[in-house]
Amino acid sequence: MTTPIRTTIVGDLSDLPTGAMGARTVVWWGNIGFMLIEGTAFALAIGACLYLQSMSPSWPPRGDALPGLLWSTIFTIGVLASELPNLWVSRKAQQKDARGVRAGTLLMAVLGLVLVGIRAFELQHLNIRWDHDAYGSVIWMLMILHTSHLITDLGDTIVQSAWLYTHEIGEDQFSDVQDNSEYWSFVVLAWLPIYVLIYWLPRWL
């Protein structure tokens, strides 16, 4: 003899939204966690550079050339300017504008490719090898650390753009676009102290 299963309805969840954006999603908090961890890595690398600088009679050491300013400044202007379309596509994601999100994400992918190209020229004008001395090693460490984040976000943006143009866009995809935009802002802001530390602080000193 079987006992019938009793069911009790404790609440109606049918009116709840099927998705969310920002701090209401787990992915957003994961993105914040990534930025905190990676921001700590940037801070440690900058601290190492400042420590070596404090222990050296001159910075860069005598005989080492200063890095070139042209390509680094072009990159800095470009990466700061990229924040305008980046914030625009983030706003389109909040507005759930599928057309705007597709166009904005594609534009950010193109801008990312241009900035990686400029970074390639910048690396050629650091004017020192990574294994020449401690100065060369720490300068290259900072540059490669930031470049890895630049390329990582570019790859994510390219994949995201391809997906947006080949699939229907839902709540989760709008949220993903917004998260990617926030990560790009982190990449931009992380560059500014590194730019000052590598290119301008030695000249001021």
# chains A, B, ... in the order shown; residues from 1 in each chain; ligands from 1
>>> residues_around(residues="Trp204 in chain A", least_positions_apart="3", cutoff="12 Å", atoms="only C-alpha atoms", output="PyMOL selection string")
chain A and resi 58-60+66+196-201
>>> write_last_selection(atoms="C-alpha atoms", output="PDB file, in the first residue's frame")
ATOM      1  CA  SER A  58      69.849  56.435  -9.886  1.00  0.00           C
ATOM      2  CA  TRP A  59      66.751  55.274 -11.742  1.00  0.00           C
ATOM      3  CA  PRO A  60      67.146  53.979 -14.309  1.00  0.00           C
ATOM      4  CA  LEU A  66      64.840  55.857 -20.611  1.00  0.00           C
ATOM      5  CA  VAL A 196      53.426  57.231 -14.645  1.00  0.00           C
ATOM      6  CA  LEU A 197      55.814  54.843 -12.876  1.00  0.00           C
ATOM      7  CA  ILE A 198      57.615  53.637 -16.009  1.00  0.00           C
ATOM      8  CA  TYR A 199      57.652  56.723 -18.210  1.00  0.00           C
ATOM      9  CA  TRP A 200      57.360  59.841 -16.081  1.00  0.00           C
ATOM     10  CA  LEU A 201      58.664  59.181 -12.559  1.00  0.00           C
TER      11      LEU A 201
END
>>> residues_around(residues="range 144-151 of chain A", least_positions_apart="6", cutoff="10 Å", atoms="only C-alpha atoms", output="list in words")
Glu38, Ala41, Phe42, Ala45, Gly112, Leu113, Leu115, Val116, Arg119, Ala120, Leu123, Val138, Thr157, Tyr183, Trp184, Phe186, Val187, Val188, Ala190, Trp191 and Ile194 of chain A
>>> atom_distance(atom1="CA of Thr25 in chain A", atom2="CA of Lys96 in chain A")
16.1 Å
>>> atom_distance(atom1="CA of Asn180 in chain A", atom2="CA of Gly78 in chain A")
18.4 Å
>>> closest_residue(among="A:Val101, A:Val114, A:Leu44, A:Leu142", to="Asp176 in chain A", atoms="only C-alpha atoms")
A:Val101
>>> closest_residue(among="A:Leu69, A:Leu154, A:Ala103, A:Ala93", to="Asn127 in chain A", atoms="only C-alpha atoms")
A:Leu69
